[in-house]
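**Student:** Structure below; questions to follow.
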Amino acid sequence: MFSSISSGSIIASLKSVLHKYFNAWLTRRIPQASRQQINHRNIFIMPTRFGAGLLMFMLLLFLLGTNYQNNVIILISYLLVSFFIVVLHHSFFNLSGLQFKATNSLQGFVDSTLYFPLVITSKKVRFTISFSFDQARVKTEQVIDHSVDENKSSKRKPSNSALSKTTLAQLEIGENNIRIPYRVCQRGQYPLGRVLIISEFGFGLFKAWTRLDFAQQVTAYPKPIANVWTVKQQNLAIEVAENNLESYQDSFQPGQDEFHQLQHYQLGEPLSRVAWKHVAQGQGWLTKQYQQALSGKLQLDFERLPNGTLEQRLSWLSYAIKDCSTKQIAFSLKLPDQVVEYDHSAQHTLKCLTALARY
């Protein structure tokens with residue numbers, strides 16, 4: 001038992017070391033960039049299982065022909081070898097020359113599937129190319145069949161494959177826009193990772209592949225979980241929603257913040273509010289009325305949350321931020337190392353969610 005455990009740990013450690021060295025070599029060989037082009041330096045090609053079986057069959061056929069000195073069998077083996085080499089070149093050139101451009105990073109919540117946009121430029125028609133992330137696992141596969149028309153539109157047909165990938169049945173000449181599914185499993189802000197591009201075009205004898213890093217990031221927000229809205233906060237949100245208020249800045253009460261309107265002078269009002277300019281013009285005694293925003297706003301404080309793990313409390317805050325944004329309630333976010341002041345805009349919501357992702 002102990003020997004099996006030790007051998008398993010040794011194998012795992014060995015795989016980890018090899019994976020580390022391979023990634024380091026891959027970084028030097030194929031550096032990250034938002035624009036990439038596939039060429040002979042970053043294409044890897046190897047026989048598939050079917051191709052390896054055919055290779056063994058050709059070798060066996062050649063040995064059989066030479067052993068029995070049968071020229072017909074030797075000729076057939078030579079023809080198969082020639083066919084094998086031609087397919088090898090076709091598999092290579094099916095990927096070589098492709099150009100890629102990526103400019104958008106990914107933003108979304110944990111346990112959701114995001115789609116990474118990628119622009120592919122090709123100078124010729126190509127076939128059967130798949131794109132995927134190693135880390136992503138979703139329940140569907142997208143098969144895109146590019147038909148030849150004026151708009152170069154793509155048709156997506158869902159499949160029951162368990163792999164997370166996008167497969168191009170045919171890649172047209174010019175620019176092609178695709179989206180690669182990416183499953184968000186961990187909160188934080190981290191590199192997107194490499195895109196695995198595979199093609200088995202050419203009778204399925206070879207697998208040509210490459211791994212490209214487009215220098216993009218993932219901002220994974222905590223998964224929203226409803227648990228910490230207090231009764232007071234819920235009532236305030238419902239009241240704001242029922243009154244159909246777009247924001248707390250749209251409802252006002254008498255105060256000292258900014259000018260609102262002119263009213264006729266009432267006995268006892270302070271002379272400092274009198275509009276003397278209008279009095280001098282003979283328009284009568286008028287006073288300036290001011291207004292200020294109602295206090296329909298919330299403070300989301302990390303320290304005042306109920307007891308729970310760090311991820312639970314961040315998820316509760318994530319839900320509260322989404323709820324405030326949906327109901328147009330101004331709110332502030334207070335974390336132990338950061339304070340985001342009151343606002344209700346979409347940019348403010350993204351700023352607060354990003355702060356939770358980085359915390």
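As shown in the structure tokens, the chain order sets the letters A, B, ...; within each chain, residues go from 1, and ligands are also counted from 1 in the order they appear.
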Just the alpha helix (DSSP H) stuff from region 16-170 of chain A, please, per backbone DSSP, written as a count of residues only.

**Tutor:** 59

**Student:** Need the shell around Leu305 (chain A): protein/DNA/RNA residues with any atom at most 12 Å away, counting only C-alpha atoms. Skip same-chain ones fewer than 3 positions apart. Format as a PyMOL selection string?

**Tutor:** chain A and resi 227-230+299-302+308-310+312-317+320+334-335

**Student:** Please produce an output containing N, CA, C and O atoms for each residue in the selection, written as a CSV table (one decimal), in the first residue's frame.

**Tutor:**
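As a result, part_19.csv now contains:
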```csv
chain,number,residue,atom,x,y,z
A,227,ASN,N,-28.0,36.1,0.5
A,227,ASN,CA,-28.1,35.6,1.9
A,227,ASN,C,-28.1,36.8,2.9
A,227,ASN,O,-28.5,36.6,4.1
A,228,VAL,N,-27.6,37.9,2.6
A,228,VAL,CA,-27.3,38.9,3.6
A,228,VAL,C,-28.1,40.2,3.5
A,228,VAL,O,-27.9,41.1,4.2
A,229,TRP,N,-29.1,40.3,2.6
A,229,TRP,CA,-30.0,41.4,2.6
A,229,TRP,C,-30.7,41.5,3.9
A,229,TRP,O,-31.5,40.6,4.2
A,230,THR,N,-30.6,42.6,4.6
A,230,THR,CA,-31.4,42.8,5.8
A,230,THR,C,-32.8,43.3,5.4
A,230,THR,O,-33.1,43.7,4.3
A,299,GLN,N,-24.7,51.3,2.1
A,299,GLN,CA,-23.2,51.0,2.3
A,299,GLN,C,-23.1,49.5,2.5
A,299,GLN,O,-23.6,49.0,3.5
A,300,LEU,N,-22.3,48.9,1.6
A,300,LEU,CA,-22.1,47.5,1.7
A,300,LEU,C,-20.7,47.3,2.4
A,300,LEU,O,-19.7,47.6,1.8
A,301,ASP,N,-20.7,46.9,3.6
A,301,ASP,CA,-19.5,46.8,4.5
A,301,ASP,C,-19.2,45.4,4.7
A,301,ASP,O,-20.0,44.6,5.2
A,302,PHE,N,-18.0,45.0,4.3
A,302,PHE,CA,-17.5,43.6,4.5
A,302,PHE,C,-17.4,43.2,5.9
A,302,PHE,O,-17.7,42.1,6.3
A,308,GLY,N,-18.9,33.8,8.2
A,308,GLY,CA,-18.8,32.9,7.0
A,308,GLY,C,-17.4,32.9,6.5
A,308,GLY,O,-16.5,33.7,6.9
A,309,THR,N,-17.1,32.0,5.5
A,309,THR,CA,-15.8,32.0,4.9
A,309,THR,C,-15.6,33.2,4.0
A,309,THR,O,-16.6,34.0,3.7
A,310,LEU,N,-14.4,33.4,3.6
A,310,LEU,CA,-14.1,34.6,2.8
A,310,LEU,C,-14.9,34.6,1.5
A,310,LEU,O,-15.5,35.6,1.1
A,312,GLN,N,-17.6,33.0,0.8
A,312,GLN,CA,-19.1,33.2,1.1
A,312,GLN,C,-19.4,34.7,1.2
A,312,GLN,O,-20.4,35.2,0.7
A,313,ARG,N,-18.6,35.4,2.0
A,313,ARG,CA,-18.9,36.8,2.2
A,313,ARG,C,-18.7,37.6,1.0
A,313,ARG,O,-19.5,38.5,0.7
A,314,LEU,N,-17.7,37.3,0.2
A,314,LEU,CA,-17.6,38.0,-1.1
A,314,LEU,C,-18.7,37.6,-2.0
A,314,LEU,O,-19.2,38.5,-2.8
A,315,SER,N,-19.3,36.4,-2.0
A,315,SER,CA,-20.4,36.1,-2.8
A,315,SER,C,-21.6,36.8,-2.4
A,315,SER,O,-22.5,37.2,-3.2
A,316,TRP,N,-21.8,37.0,-1.1
A,316,TRP,CA,-23.0,37.8,-0.6
A,316,TRP,C,-22.9,39.2,-1.1
A,316,TRP,O,-23.9,39.8,-1.5
A,317,LEU,N,-21.7,39.8,-1.0
A,317,LEU,CA,-21.5,41.2,-1.5
A,317,LEU,C,-21.7,41.3,-3.0
A,317,LEU,O,-22.3,42.2,-3.5
A,320,ALA,N,-25.4,41.5,-3.5
A,320,ALA,CA,-25.9,42.8,-3.1
A,320,ALA,C,-25.6,43.8,-4.2
A,320,ALA,O,-26.4,44.7,-4.5
A,334,LYS,N,-17.3,48.9,1.0
A,334,LYS,CA,-16.2,49.1,2.0
A,334,LYS,C,-15.6,47.7,2.3
A,334,LYS,O,-16.2,46.8,2.9
A,335,LEU,N,-14.3,47.6,1.8
A,335,LEU,CA,-13.5,46.4,2.1
A,335,LEU,C,-12.4,46.8,3.1
A,335,LEU,O,-12.2,47.9,3.3
```

**Student:** So how far away is CA of His344 (chain A) from CA of Ser112 (chain A), in Å?

**Tutor:** 24.5 Å

**Student:** Tell me which protein, DNA and RNA residues are within 9 Å of Trp209 (chain A), counting only C-alpha atoms, leaving out same-chain ones fewer than 2 positions away, and put them as a list in words.

**Tutor:**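 Residues meeting the cut-off are Asn42, Ile43, Phe44, Ile45, Met46, Leu95, Leu196, Ile197, Ile198, Ser199, Glu200, Lys207 and Arg211 of chain A.
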
**Student:** With only C-alpha atoms as the basis for distance, which of A:Ala280, A:Ala357, A:Val339, A:Ala12 is at the shortest distance from Gln186 (chain A)?

**Tutor:**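 Counting only C-alpha atoms, the residue closest to Gln186 (chain A) is A:Ala357.
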
**Student:** With the cut-off set at 12 Å and counting only C-alpha atoms, tabulate each residue of region 176-203 of chain A with an atom at most that distance from an atom of region 129-132 of chain A, showing the nearest atom pair and its distance in Å to one decimal, ordered by chain and increasing number, as JSON lines.

**Tutor:**
```
{"residue": "A:Ile178", "atom": "CA", "partner": "A:Phe131", "partner_atom": "CA", "distance": 9.4}
{"residue": "A:Arg179", "atom": "CA", "partner": "A:Phe131", "partner_atom": "CA", "distance": 9.1}
{"residue": "A:Ile180", "atom": "CA", "partner": "A:Ser132", "partner_atom": "CA", "distance": 6.3}
{"residue": "A:Pro181", "atom": "CA", "partner": "A:Ser132", "partner_atom": "CA", "distance": 7.3}
{"residue": "A:Tyr182", "atom": "CA", "partner": "A:Ser132", "partner_atom": "CA", "distance": 8.0}
{"residue": "A:Arg183", "atom": "CA", "partner": "A:Ser132", "partner_atom": "CA", "distance": 10.7}
{"residue": "A:Leu192", "atom": "CA", "partner": "A:Ser132", "partner_atom": "CA", "distance": 11.8}
{"residue": "A:Gly193", "atom": "CA", "partner": "A:Ser132", "partner_atom": "CA", "distance": 10.6}
{"residue": "A:Arg194", "atom": "CA", "partner": "A:Ser132", "partner_atom": "CA", "distance": 8.8}
{"residue": "A:Val195", "atom": "CA", "partner": "A:Ser132", "partner_atom": "CA", "distance": 5.8}
{"residue": "A:Leu196", "atom": "CA", "partner": "A:Ser132", "partner_atom": "CA", "distance": 5.3}
{"residue": "A:Ile197", "atom": "CA", "partner": "A:Phe131", "partner_atom": "CA", "distance": 4.8}
{"residue": "A:Ile198", "atom": "CA", "partner": "A:Ser130", "partner_atom": "CA", "distance": 5.3}
{"residue": "A:Ser199", "atom": "CA", "partner": "A:Ile129", "partner_atom": "CA", "distance": 4.6}
{"residue": "A:Glu200", "atom": "CA", "partner": "A:Ile129", "partner_atom": "CA", "distance": 7.5}
{"residue": "A:Phe201", "atom": "CA", "partner": "A:Ile129", "partner_atom": "CA", "distance": 7.8}
{"residue": "A:Gly202", "atom": "CA", "partner": "A:Ile129", "partner_atom": "CA", "distance": 11.6}
```

**Student:** Could you jot down the CA of Asp111 (chain A) to CA of Lys223 (chain A) separation for me, Å, one decimal place?

**Tutor:**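 Here the two named atoms are 7.0 Å from each other.
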
**Student:** Using only C-alpha atoms, pick whichever of A:Tyr342, A:Phe331, A:Tyr190, A:Phe93 has the shortest atom-to-atom distance to Gln107 (chain A).

**Tutor:** A:Tyr190

**Student:** Name the residues in contact with Pro191 (chain A) at a cut-off of 12 Å, using only C-alpha atoms, excluding same-chain residues fewer than 3 positions from it; report them as a list of chain:residue names.

**Tutor:**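 These residues fall inside the cut-off: A:Gln32, A:Ser105, A:Leu106, A:Gln107, A:Gln135, A:Gln186, A:Gly188, A:Arg194, A:Val195, A:Asp213, A:Phe214, A:Ala215, A:Gln216, A:Gln217, A:Val218, A:Thr219, A:Ala220.
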
**Student:** Store the residues of this selection in a file with N, CA and C atoms, as a CSV table (one decimal), in the first residue's frame.

**Tutor:**
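Once everything was written out, this is out.csv:
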```
chain,number,residue,atom,x,y,z
A,32,GLN,N,3.9,35.2,-25.8
A,32,GLN,CA,2.5,35.7,-25.8
A,32,GLN,C,2.4,37.0,-26.6
A,105,SER,N,-10.4,41.0,-23.2
A,105,SER,CA,-10.3,40.1,-22.1
A,105,SER,C,-11.6,39.7,-21.6
A,106,LEU,N,-11.7,38.7,-20.7
A,106,LEU,CA,-12.9,38.1,-20.3
A,106,LEU,C,-13.3,38.6,-18.9
A,107,GLN,N,-14.6,38.9,-18.7
A,107,GLN,CA,-15.1,39.3,-17.4
A,107,GLN,C,-16.4,38.5,-17.1
A,135,GLN,N,-8.1,24.5,-19.5
A,135,GLN,CA,-8.7,24.6,-18.2
A,135,GLN,C,-10.3,24.5,-18.3
A,186,GLN,N,-12.5,29.8,-10.9
A,186,GLN,CA,-11.8,30.3,-9.7
A,186,GLN,C,-11.9,31.8,-9.8
A,188,GLY,N,-10.8,35.7,-9.1
A,188,GLY,CA,-9.5,36.4,-9.1
A,188,GLY,C,-9.3,37.1,-10.5
A,194,ARG,N,-3.4,29.5,-22.6
A,194,ARG,CA,-3.1,29.3,-24.1
A,194,ARG,C,-4.3,28.6,-24.7
A,195,VAL,N,-4.5,29.0,-25.9
A,195,VAL,CA,-5.6,28.3,-26.7
A,195,VAL,C,-5.0,27.2,-27.5
A,213,ASP,N,-0.7,31.9,-26.9
A,213,ASP,CA,-1.1,32.8,-25.8
A,213,ASP,C,-1.3,34.2,-26.3
A,214,PHE,N,-2.6,34.7,-26.1
A,214,PHE,CA,-2.9,36.0,-26.7
A,214,PHE,C,-2.8,37.1,-25.7
A,215,ALA,N,-2.1,36.9,-24.6
A,215,ALA,CA,-1.8,38.0,-23.6
A,215,ALA,C,-3.1,38.7,-23.1
A,216,GLN,N,-4.2,37.9,-22.8
A,216,GLN,CA,-5.4,38.4,-22.3
A,216,GLN,C,-5.6,37.9,-20.8
A,217,GLN,N,-6.5,38.6,-20.1
A,217,GLN,CA,-6.7,38.3,-18.7
A,217,GLN,C,-8.2,37.9,-18.5
A,218,VAL,N,-8.4,37.2,-17.4
A,218,VAL,CA,-9.7,36.8,-16.9
A,218,VAL,C,-10.0,37.5,-15.6
A,219,THR,N,-11.1,38.2,-15.5
A,219,THR,CA,-11.5,38.8,-14.2
A,219,THR,C,-12.7,38.1,-13.8
A,220,ALA,N,-12.6,37.2,-12.8
A,220,ALA,CA,-13.6,36.3,-12.3
A,220,ALA,C,-14.2,36.9,-11.0
```
